[in-house]
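Engineer: Dropping the structure in here first, questions after.
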Amino acid sequence: MRMRNDIERVLIDEAVIEKRLDGMAADIEKDFPEGTLVVIILLKGALVFAADLLRRVPRALEIECLNVASYHGGLESSGKVDFLDRHFPEVKGRHVLLLDDILDTGRTLRAVSDRLVAEGAVAVHTAVLLAKDKARDEEVQADYVGFEIGDEFVVGYGLDYVGRYRNLPYVGVLKQSSI
């Protein structure tokens with residue numbers, strides 16, 4: 001069965017995403033000081049978003065990936081953010097752009113941002129493809145938001161359900177029957 005059959009509806013199509021990424025990249029380029037920018041990509045969800053966004057940023061980038069987990073295969077955050085890598089990127093004295101797929105509870109962005117500051121980052125700015133319009137467990141806002149969405153479970157464009165649907169070129173709502 002094709003993955004498209006599991007999607008109730010397409011929420012944000014590929015062309016709309018691409019246009020928004022152009023605007024986000026322009027804002028990032030304008031807002032950061034000259035020089036090499038350290039980018040931290042939260043795996044695995046932000047990988048597709050990050051690749052497409054960063055190709056649009058016309059400056060030297062130092063790209064690092066960080067593997068964290070908070071969903072553990074479920075539909076909701078577990079409430080705990082686990083750092084899965086032994087190595088933490090070197091950020092002391094640097095400006096950092098932290099990329100994540102979705103801002104939901106705020107726990108992941110808060111935990112990683114706090115850790116980056118503790119490791120000596122001069123400034124940490126955050127960018128997310130999606131931000132859910134809901135109360136958060138942590139007081140955190142992303143500096144750059146692709147799209148604000150309702151509080152529903154979405155997949156595609158890097159977001160998954162039990163490891164599937166990340167490669168869909170759009171963001172869609174999963175059918176209840178597929179969960």
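The way I read the labels, and the way they are meant: chains A, B, ... in the order of the structure tokens, residue 1 as the first residue of every chain, and ligand 1 as the first ligand shown, with later ones counted on from there.
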Can you tell me, as a VMD selection string, what residues are no more than 10 Å from Val117 in chain A when counting only C-alpha atoms, ignoring any on the same chain fewer than 6 positions away?

Structural biologist: chain A and resid 91 to 94 96 123 to 124

Engineer: Write out as a list in words all residues of range 101-140 of chain A that backbone DSSP assigns to strand (DSSP E or B).

Structural biologist: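 Listing strand (DSSP E or B) positions across range 101-140 of chain A yields Asp101, Ile102, Leu103, Ala123, Val124, His125, Thr126, Ala127, Val128, Leu129, Leu130, Ala131 and Lys132 of chain A.
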
Engineer: At a cut-off of 10 Å, using only C-alpha atoms, what residues contact range 33-48 of chain A? Leave out same-chain residues fewer than 3 positions from it and give the result as a ChimeraX atom specification.

Structural biologist: /A:28-30,51-54,59-69,89-91,94-102,108-109,112,116,121,124-129,155-160,163,166-169

Engineer: Might you pull out every residue within 12 Å of Asp27 in chain A, with only C-alpha atoms counted and same-chain residues fewer than 2 positions away left off, and present them as number ranges by chain?

Structural biologist: A: 20-25, 29-33, 53, 56-58, 125, 127, 143-146

Engineer: I need the residues of chain A that end up classed as alpha helix (DSSP H) by DSSP on the backbone, written out as an NGL selection string.

Structural biologist: :A and (14-31 or 47-54 or 107-118)

Engineer: Just the number, please: distance in Å from CA of Asp114 in chain A to CA of Asp137 in chain A, one decimal.

Structural biologist: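 One can read the CA of Asp114 in chain A to CA of Asp137 in chain A distance as 15.2 Å.
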
Engineer: Would you compute the distance between CA of Ser113 in chain A and CA of Leu11 in chain A? Give it in Å to one decimal.

Structural biologist: 28.4 Å

Engineer: Give me the residues near Gln176 in chain A as a PyMOL selection string, where near means some atom within 12 Å (using only C-alpha atoms) and where sequence neighbours in that chain fewer than 3 positions away do not count.

Structural biologist: chain A and resi 5-9+75+152-154+161+173+179

Engineer: Can you list, as a list in words, every protein, DNA or RNA residue that comes within 10 Å of Arg4 in chain A when you count only C-alpha atoms, leaving out same-chain residues fewer than 6 positions away?

Structural biologist: Val10, Tyr165, Leu168, Gly172 and Leu174 of chain A

Engineer: Measuring between only C-alpha atoms, which one of A:Met3, A:Thr105, A:Ser178, A:Phe147 shows the shortest distance to Glu18 in chain A?

Structural biologist: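 Distance minimum relative to Glu18 in chain A lands on A:Phe147.
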